[in-house]
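Text of input_22.pdb (PDB, C-alpha atoms) as supplied:
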```
ATOM      1  CA  MET A 178     -33.433  83.096  63.194  1.00  0.00           C
ATOM      2  CA  THR A 179     -36.907  84.145  64.177  1.00  0.00           C
ATOM      3  CA  LEU A 180     -39.191  82.272  66.549  1.00  0.00           C
ATOM      4  CA  LEU A 181     -41.503  81.557  63.636  1.00  0.00           C
ATOM      5  CA  SER A 182     -38.671  79.817  61.756  1.00  0.00           C
ATOM      6  CA  TYR A 183     -37.878  77.637  64.776  1.00  0.00           C
ATOM      7  CA  LEU A 184     -41.527  76.625  65.122  1.00  0.00           C
ATOM      8  CA  PHE A 185     -41.728  75.833  61.403  1.00  0.00           C
ATOM      9  CA  ARG A 186     -38.614  73.589  61.532  1.00  0.00           C
ATOM     10  CA  PHE A 187     -39.899  71.835  64.671  1.00  0.00           C
ATOM     11  CA  LEU A 188     -43.208  71.110  62.947  1.00  0.00           C
ATOM     12  CA  ILE A 189     -41.469  69.673  59.858  1.00  0.00           C
ATOM     13  CA  LEU A 190     -39.206  67.435  62.022  1.00  0.00           C
ATOM     14  CA  SER A 191     -42.165  66.182  64.072  1.00  0.00           C
ATOM     15  CA  LEU A 192     -44.150  65.282  60.973  1.00  0.00           C
ATOM     16  CA  SER A 193     -41.153  63.434  59.503  1.00  0.00           C
ATOM     17  CA  LEU A 194     -40.633  61.359  62.661  1.00  0.00           C
ATOM     18  CA  PHE A 195     -44.340  60.532  62.832  1.00  0.00           C
ATOM     19  CA  ALA A 196     -44.363  59.352  59.219  1.00  0.00           C
ATOM     20  CA  PHE A 197     -41.239  57.217  59.775  1.00  0.00           C
ATOM     21  CA  CYS A 198     -42.651  55.551  62.897  1.00  0.00           C
ATOM     22  CA  GLY A 199     -45.940  54.916  61.124  1.00  0.00           C
ATOM     23  CA  GLU A 200     -44.177  53.158  58.259  1.00  0.00           C
ATOM     24  CA  GLY A 201     -42.159  51.038  60.718  1.00  0.00           C
ATOM     25  CA  ASN A 202     -45.268  49.961  62.598  1.00  0.00           C
ATOM     26  CA  GLN A 203     -47.017  49.161  59.335  1.00  0.00           C
ATOM     27  CA  ASP A 204     -44.109  46.995  58.193  1.00  0.00           C
ATOM     28  CA  SER A 205     -44.061  45.232  61.550  1.00  0.00           C
ATOM     29  CA  HIS A 206     -47.818  44.636  61.377  1.00  0.00           C
ATOM     30  CA  ASN A 207     -47.588  43.278  57.850  1.00  0.00           C
ATOM     31  CA  HIS A 208     -44.717  41.011  58.855  1.00  0.00           C
ATOM     32  CA  SER A 209     -46.733  39.574  61.758  1.00  0.00           C
ATOM     33  CA  GLN A 210     -49.525  38.659  59.349  1.00  0.00           C
ATOM     34  CA  VAL A 211     -47.284  36.570  57.090  1.00  0.00           C
ATOM     35  CA  VAL A 212     -48.257  32.895  57.291  1.00  0.00           C
ATOM     36  CA  SER A 213     -45.788  30.297  56.133  1.00  0.00           C
ATOM     37  CA  VAL A 214     -46.973  27.715  53.632  1.00  0.00           C
ATOM     38  CA  PRO A 215     -47.767  24.411  55.438  1.00  0.00           C
ATOM     39  CA  GLY A 216     -45.391  21.569  54.728  1.00  0.00           C
ATOM     40  CA  THR A 217     -46.534  18.049  53.884  1.00  0.00           C
ATOM     41  CA  PRO A 218     -44.861  15.019  55.535  1.00  0.00           C
ATOM     42  CA  THR A 219     -43.603  12.289  53.264  1.00  0.00           C
ATOM     43  CA  LYS A 220     -45.603   9.083  52.962  1.00  0.00           C
ATOM     44  CA  SER A 221     -43.795   5.996  54.247  1.00  0.00           C
ATOM     45  CA  ASN A 222     -44.437   2.280  53.835  1.00  0.00           C
ATOM     46  CA  SER A 223     -43.413   1.713  57.461  1.00  0.00           C
ATOM     47  CA  VAL A 224     -44.424   3.934  60.367  1.00  0.00           C
ATOM     48  CA  GLU A 225     -42.608   3.569  63.688  1.00  0.00           C
ATOM     49  CA  ILE A 226     -45.044   4.215  66.537  1.00  0.00           C
ATOM     50  CA  GLU A 227     -43.614   4.601  70.036  1.00  0.00           C
ATOM     51  CA  ILE A 228     -45.874   4.374  73.083  1.00  0.00           C
ATOM     52  CA  GLY A 229     -44.625   6.584  75.913  1.00  0.00           C
ATOM     53  CA  TRP A 230     -45.723   7.099  79.518  1.00  0.00           C
ATOM     54  CA  GLN A 231     -45.517   9.814  82.125  1.00  0.00           C
ATOM     55  CA  TYR A 232     -46.507   9.165  85.723  1.00  0.00           C
ATOM     56  CA  THR A 233     -48.151  11.300  88.398  1.00  0.00           C
ATOM     57  CA  GLN A 234     -48.425   9.988  91.962  1.00  0.00           C
ATOM     58  CA  ILE A 235     -48.451   6.317  91.011  1.00  0.00           C
ATOM     59  CA  PRO A 236     -45.826   3.700  91.959  1.00  0.00           C
ATOM     60  CA  LEU A 237     -46.436   1.323  89.033  1.00  0.00           C
ATOM     61  CA  LYS A 238     -45.195   1.326  85.450  1.00  0.00           C
ATOM     62  CA  MET A 239     -47.062   0.509  82.254  1.00  0.00           C
ATOM     63  CA  GLU A 240     -45.859  -1.948  79.618  1.00  0.00           C
ATOM     64  CA  ILE A 241     -47.185  -2.838  76.187  1.00  0.00           C
ATOM     65  CA  ARG A 242     -47.243  -6.574  75.405  1.00  0.00           C
ATOM     66  CA  GLU A 243     -48.159  -8.921  72.619  1.00  0.00           C
ATOM     67  CA  PRO A 244     -51.238 -11.164  73.042  1.00  0.00           C
ATOM     68  CA  SER A 245     -50.434 -14.645  74.304  1.00  0.00           C
ATOM     69  CA  GLY A 246     -52.422 -16.355  71.559  1.00  0.00           C
ATOM     70  CA  SER A 247     -54.040 -18.688  74.081  1.00  0.00           C
ATOM     71  CA  GLN A 248     -57.377 -16.914  73.829  1.00  0.00           C
ATOM     72  CA  SER A 249     -59.119 -14.375  71.641  1.00  0.00           C
ATOM     73  CA  LEU A 250     -59.922 -11.110  73.404  1.00  0.00           C
ATOM     74  CA  ALA A 251     -62.234  -8.354  72.223  1.00  0.00           C
ATOM     75  CA  LEU A 252     -61.062  -4.771  71.996  1.00  0.00           C
ATOM     76  CA  TRP A 253     -61.188  -2.958  75.355  1.00  0.00           C
ATOM     77  CA  THR A 254     -61.291  -6.215  77.347  1.00  0.00           C
ATOM     78  CA  THR A 255     -60.001  -5.247  80.780  1.00  0.00           C
ATOM     79  CA  GLY A 256     -59.129  -7.500  83.687  1.00  0.00           C
ATOM     80  CA  SER A 257     -56.451  -8.767  86.044  1.00  0.00           C
ATOM     81  CA  VAL A 258     -54.689 -12.052  86.666  1.00  0.00           C
ATOM     82  CA  ALA A 259     -52.691 -13.270  89.659  1.00  0.00           C
ATOM     83  CA  PHE A 260     -48.957 -13.823  89.347  1.00  0.00           C
ATOM     84  CA  GLY A 261     -48.182 -17.315  88.047  1.00  0.00           C
ATOM     85  CA  LYS A 262     -51.577 -17.835  86.416  1.00  0.00           C
ATOM     86  CA  ASN A 263     -52.230 -18.112  82.667  1.00  0.00           C
ATOM     87  CA  ALA A 264     -52.326 -14.593  81.253  1.00  0.00           C
ATOM     88  CA  PRO A 265     -53.755 -13.282  77.952  1.00  0.00           C
ATOM     89  CA  PHE A 266     -50.488 -11.443  77.213  1.00  0.00           C
ATOM     90  CA  SER A 267     -46.944 -12.594  76.485  1.00  0.00           C
ATOM     91  CA  THR A 268     -43.626 -10.772  76.211  1.00  0.00           C
ATOM     92  CA  PRO A 269     -43.157  -6.986  76.276  1.00  0.00           C
ATOM     93  CA  ILE A 270     -42.904  -5.281  72.897  1.00  0.00           C
ATOM     94  CA  PRO A 271     -39.238  -4.175  72.562  1.00  0.00           C
ATOM     95  CA  ASP A 272     -38.662  -0.469  73.250  1.00  0.00           C
ATOM     96  CA  SER A 273     -42.453   0.020  73.238  1.00  0.00           C
ATOM     97  CA  LYS A 274     -42.282   0.513  69.463  1.00  0.00           C
ATOM     98  CA  ILE A 275     -44.672  -0.823  66.830  1.00  0.00           C
ATOM     99  CA  LEU A 276     -44.190  -0.810  63.057  1.00  0.00           C
ATOM    100  CA  LEU A 277     -47.321  -0.353  60.927  1.00  0.00           C
ATOM    101  CA  LYS A 278     -48.080   0.279  57.291  1.00  0.00           C
ATOM    102  CA  PRO A 279     -50.608   2.977  56.363  1.00  0.00           C
ATOM    103  CA  GLY A 280     -54.051   1.377  56.334  1.00  0.00           C
ATOM    104  CA  ALA A 281     -53.046  -1.299  58.880  1.00  0.00           C
ATOM    105  CA  LYS A 282     -54.050  -1.849  62.509  1.00  0.00           C
ATOM    106  CA  LYS A 283     -52.599  -3.722  65.462  1.00  0.00           C
ATOM    107  CA  GLN A 284     -54.043  -4.967  68.729  1.00  0.00           C
ATOM    108  CA  PHE A 285     -51.866  -5.362  71.809  1.00  0.00           C
ATOM    109  CA  LEU A 286     -52.236  -5.180  75.578  1.00  0.00           C
ATOM    110  CA  LEU A 287     -51.421  -2.546  78.147  1.00  0.00           C
ATOM    111  CA  VAL A 288     -50.083  -4.310  81.235  1.00  0.00           C
ATOM    112  CA  MET A 289     -49.375  -3.039  84.749  1.00  0.00           C
ATOM    113  CA  LYS A 290     -47.817  -5.196  87.489  1.00  0.00           C
ATOM    114  CA  ASN A 291     -48.669  -4.519  91.131  1.00  0.00           C
ATOM    115  CA  GLU A 292     -46.069  -6.005  93.476  1.00  0.00           C
ATOM    116  CA  THR A 293     -47.296  -3.957  96.429  1.00  0.00           C
ATOM    117  CA  LYS A 294     -49.685  -5.142  99.138  1.00  0.00           C
ATOM    118  CA  GLU A 295     -52.337  -2.565  98.339  1.00  0.00           C
ATOM    119  CA  PRO A 296     -54.587  -1.987  95.315  1.00  0.00           C
ATOM    120  CA  VAL A 297     -53.599   0.891  93.061  1.00  0.00           C
ATOM    121  CA  TYR A 298     -56.174   3.139  91.407  1.00  0.00           C
ATOM    122  CA  PHE A 299     -55.484   5.303  88.371  1.00  0.00           C
ATOM    123  CA  PHE A 300     -56.803   7.026  85.285  1.00  0.00           C
ATOM    124  CA  ALA A 301     -55.094   8.314  82.146  1.00  0.00           C
ATOM    125  CA  ALA A 302     -55.089  11.766  80.602  1.00  0.00           C
ATOM    126  CA  PRO A 303     -55.755  11.944  76.840  1.00  0.00           C
ATOM    127  CA  HIS A 304     -52.736  10.952  74.799  1.00  0.00           C
ATOM    128  CA  GLN A 305     -50.516  13.465  73.033  1.00  0.00           C
ATOM    129  CA  ALA A 306     -49.042  12.855  69.583  1.00  0.00           C
ATOM    130  CA  HIS A 307     -45.650  14.050  68.350  1.00  0.00           C
ATOM    131  CA  PRO A 308     -44.599  15.321  65.925  1.00  0.00           C
ATOM    132  CA  VAL A 309     -47.909  17.101  65.611  1.00  0.00           C
ATOM    133  CA  GLU A 310     -47.708  17.254  61.824  1.00  0.00           C
ATOM    134  CA  HIS A 311     -47.790  13.424  61.794  1.00  0.00           C
ATOM    135  CA  SER A 312     -50.868  13.209  64.031  1.00  0.00           C
ATOM    136  CA  PHE A 313     -53.399  13.387  61.196  1.00  0.00           C
ATOM    137  CA  GLY A 314     -54.843  10.011  60.188  1.00  0.00           C
ATOM    138  CA  PHE A 315     -54.451   7.686  63.164  1.00  0.00           C
ATOM    139  CA  LYS A 316     -56.709   6.352  65.885  1.00  0.00           C
ATOM    140  CA  PHE A 317     -55.539   4.928  69.202  1.00  0.00           C
ATOM    141  CA  LYS A 318     -58.321   3.035  70.950  1.00  0.00           C
ATOM    142  CA  CYS A 319     -56.680   3.096  74.348  1.00  0.00           C
ATOM    143  CA  LEU A 320     -57.565   3.775  77.969  1.00  0.00           C
ATOM    144  CA  CYS A 321     -58.260   7.520  78.188  1.00  0.00           C
ATOM    145  CA  VAL A 322     -62.050   7.195  78.294  1.00  0.00           C
ATOM    146  CA  ASN A 323     -62.968   9.053  81.518  1.00  0.00           C
ATOM    147  CA  HIS A 324     -62.715   5.826  83.461  1.00  0.00           C
ATOM    148  CA  ALA A 325     -60.702   4.831  86.529  1.00  0.00           C
ATOM    149  CA  PHE A 326     -58.953   1.463  86.771  1.00  0.00           C
ATOM    150  CA  THR A 327     -57.899  -0.789  89.649  1.00  0.00           C
ATOM    151  CA  VAL A 328     -54.715  -2.877  89.816  1.00  0.00           C
ATOM    152  CA  PRO A 329     -55.178  -5.491  92.591  1.00  0.00           C
ATOM    153  CA  PRO A 330     -52.190  -6.377  94.791  1.00  0.00           C
ATOM    154  CA  GLY A 331     -50.173  -9.363  93.584  1.00  0.00           C
ATOM    155  CA  GLU A 332     -51.732  -9.232  90.119  1.00  0.00           C
ATOM    156  CA  PHE A 333     -51.209  -8.057  86.567  1.00  0.00           C
ATOM    157  CA  TRP A 334     -53.787  -5.594  85.273  1.00  0.00           C
ATOM    158  CA  TYR A 335     -54.353  -5.608  81.494  1.00  0.00           C
ATOM    159  CA  ARG A 336     -56.410  -3.927  78.777  1.00  0.00           C
ATOM    160  CA  VAL A 337     -56.733  -4.790  75.088  1.00  0.00           C
ATOM    161  CA  VAL A 338     -56.125  -1.730  72.893  1.00  0.00           C
ATOM    162  CA  GLU A 339     -55.641  -0.991  69.215  1.00  0.00           C
ATOM    163  CA  ILE A 340     -53.860   1.434  66.904  1.00  0.00           C
ATOM    164  CA  ARG A 341     -55.140   2.136  63.387  1.00  0.00           C
ATOM    165  CA  LEU A 342     -53.526   4.128  60.590  1.00  0.00           C
ATOM    166  CA  SER A 343     -55.532   5.482  57.691  1.00  0.00           C
ATOM    167  CA  PRO A 344     -54.367   4.538  54.173  1.00  0.00           C
ATOM    168  CA  GLU A 345     -53.541   8.234  53.641  1.00  0.00           C
ATOM    169  CA  PHE A 346     -51.333   8.541  56.747  1.00  0.00           C
ATOM    170  CA  LEU A 347     -48.222  10.656  56.126  1.00  0.00           C
ATOM    171  CA  GLY A 348     -44.990  10.448  58.088  1.00  0.00           C
ATOM    172  CA  ASP A 349     -42.609   7.730  59.223  1.00  0.00           C
ATOM    173  CA  LYS A 350     -42.622   8.228  63.012  1.00  0.00           C
ATOM    174  CA  LEU A 351     -45.198   8.937  65.680  1.00  0.00           C
ATOM    175  CA  THR A 352     -44.885   9.076  69.466  1.00  0.00           C
ATOM    176  CA  LEU A 353     -48.044   8.677  71.556  1.00  0.00           C
ATOM    177  CA  THR A 354     -47.692   9.665  75.201  1.00  0.00           C
ATOM    178  CA  HIS A 355     -50.136   9.232  78.078  1.00  0.00           C
ATOM    179  CA  ASN A 356     -49.912  10.594  81.580  1.00  0.00           C
ATOM    180  CA  VAL A 357     -51.036   7.965  84.106  1.00  0.00           C
ATOM    181  CA  ILE A 358     -52.359   9.545  87.295  1.00  0.00           C
ATOM    182  CA  GLY A 359     -52.795   7.757  90.596  1.00  0.00           C
ATOM    183  CA  ILE A 360     -55.963   8.488  92.560  1.00  0.00           C
ATOM    184  CA  THR A 361     -57.575   7.363  95.815  1.00  0.00           C
ATOM    185  CA  LYS A 362     -60.282   4.749  96.033  1.00  0.00           C
ATOM    186  CA  GLU A 363     -62.641   7.417  97.379  1.00  0.00           C
ATOM    187  CA  ARG A 364     -62.144   9.646  94.348  1.00  0.00           C
ATOM    188  CA  MET A 365     -62.687   6.730  92.001  1.00  0.00           C
ATOM    189  CA  LEU A 366     -65.938   5.717  93.727  1.00  0.00           C
ATOM    190  CA  ASP A 367     -67.211   9.303  93.828  1.00  0.00           C
ATOM    191  CA  PHE A 368     -66.605   9.660  90.098  1.00  0.00           C
ATOM    192  CA  GLU A 369     -68.297   6.362  89.259  1.00  0.00           C
ATOM    193  CA  LYS A 370     -71.353   7.249  91.351  1.00  0.00           C
ATOM    194  CA  GLY A 371     -71.631  10.853  90.272  1.00  0.00           C
ATOM    195  CA  SER A 372     -70.197  12.637  87.280  1.00  0.00           C
ATOM    196  CA  ALA A 373     -69.500   9.456  85.313  1.00  0.00           C
ATOM    197  CA  LYS A 374     -73.232   9.128  84.687  1.00  0.00           C
ATOM    198  CA  SER A 375     -73.123  12.258  82.532  1.00  0.00           C
ATOM    199  CA  PHE A 376     -70.742  10.657  80.022  1.00  0.00           C
ATOM    200  CA  THR A 377     -71.842   8.431  77.203  1.00  0.00           C
ATOM    201  CA  THR A 378     -70.815   4.801  77.530  1.00  0.00           C
ATOM    202  CA  GLU A 379     -69.898   4.615  73.848  1.00  0.00           C
ATOM    203  CA  MET A 380     -66.172   4.182  73.268  1.00  0.00           C
ATOM    204  CA  ASP A 381     -65.162   5.596  69.909  1.00  0.00           C
TER     205      ASP A 381
END
```

With the file now loaded, output its structure as structure tokens.
Amino acid sequence: MTLLSYLFRFLILSLSLFAFCGEGNQDSHNHSQVVSVPGTPTKSNSVEIEIGWQYTQIPLKMEIREPSGSQSLALWTTGSVAFGKNAPFSTPIPDSKILLKPGAKKQFLLVMKNETKEPVYFFAAPHQAHPVEHSFGFKFKCLCVNHAFTVPPGEFWYRVVEIRLSPEFLGDKLTLTHNVIGITKERMLDFEKGSAKSFTTEMD
């Protein structure tokens, strides 16, 4: 076989391999562009909403409680009350779970008990909703508003919050999780005196 024949066969083989690899890459590229059709959750007459908490450098735990009924409190009312005194909240909500119908809303209180001898300072990161496909159509007016809070020693700290579901809400379960982060008094004061002034005071 002549040298020219060898070169001709090598050229044919190289072109065939190139064409094959090109087709494989094209198929792979096309496959990566395929987008699945979005699913739609089923509408339910009763939505179970669980309030969860994660903690970073803070010794206290958060509870959600029903209002006591002894007084009417406006949304976002925040305060503290000494142990043994009349409080605006009553018993903890079992398993931190609330049942709501689409289009309904519910007010309740976040409560933190400080049994230590020192005040505790904290803020909350924005809440996360799971499953994410159920996170369309709700509003949680809570505590993640670029604000730091103080829990005095020997007292309960509380805050009135609210969950709303739109009439078009889809899904039967929703978990809302906050991370509560402990901070120093110095950091809290620095924030309140400085960067906090750049935020709007409106709470949406």

Written as number ranges by chain, what is the full residue list that the PyMOL selection byres ((chain A and resi 265) around 9) yields on the file shown?
A: 243-250, 258, 263-264, 266-267, 286, 335

Expanded to explicit residues, what is the PyMOL selection byres ((chain A and resi 309) around 12) for this file, as a list of chain:residue names?
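This file, filtered by the PyMOL selection byres ((chain A and resi 309) around 12), leaves A:Thr217, A:Pro218, A:Gln305, A:Ala306, A:His307, A:Pro308, A:Glu310, A:His311, A:Ser312, A:Phe313, A:Gly314, A:Phe315, A:Leu347, A:Gly348, A:Lys350, A:Leu351, A:Thr352, A:Leu353.
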
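Note that CA of Gly256 in chain A and CA of Ile228 in chain A are 20.7 Å apart.
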
Taking 3 positions as the minimum chain separation for residues in the same chain, which residues sit within 6 Å of Asn291 in chain A when counting all atoms listed in the file? Answer as a PyMOL selection string.
chain A and resi 330-332

Which one of A:Ala302, A:Leu320, A:Met289, A:Ala325 sits closest to Lys370 in chain A if you count all atoms listed in the file?
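Of A:Ala302, A:Leu320, A:Met289, A:Ala325, the one nearest Lys370 in chain A is A:Ala325, counting all atoms listed in the file.
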
Selected residue of minimal separation from Gly280 in chain A among A:Gln231, A:Thr361, A:Asn222, A:Thr354, counting all atoms listed in the file:
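Under the stated criterion, the closest residue is A:Asn222.
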
Find the distance between CA of Thr233 in chain A and CA of Phe285 in chain A and write it in Å to one decimal.
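Rounded to one decimal, the two atoms are 23.8 Å apart.
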
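Considering only C-alpha atoms, the residue among A:Ser223, A:Thr327, A:Ser257, A:Ser343 positioned nearest to Ile275 in chain A is A:Ser223.
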
Considering all atoms listed in the file, can you say which of A:Val214, A:Ala251, A:Ile226, A:Leu366 comes closest to Phe317 in chain A?
A:Ile226

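Residues surrounding Lys316 in chain A within 7 Å are Lys318, Ile340, Arg341 and Leu342 of chain A [only C-alpha atoms; sequence separation below 2 positions excluded].
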
Using all atoms listed in the file, the best pick from A:Val322, A:Leu277, A:Leu287, A:Ile270 as closest to Trp334 in chain A would be A:Leu287

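Between Tyr298 in chain A and the residues A:Phe326, A:Phe333, A:Trp253, A:Phe368, the shortest atom-to-atom distance, using only C-alpha atoms, involves A:Phe326.
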
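Interatomic distance, CA of Lys274 in chain A to CA of Val357 in chain A: 18.6 Å.
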
Where does the PyMOL selection byres ((chain A and resi 360) around 8) land in this file, that is, which residues does it pick, as a ChimeraX atom specification?
/A:234-235,297-300,358-359,361-362,364-365
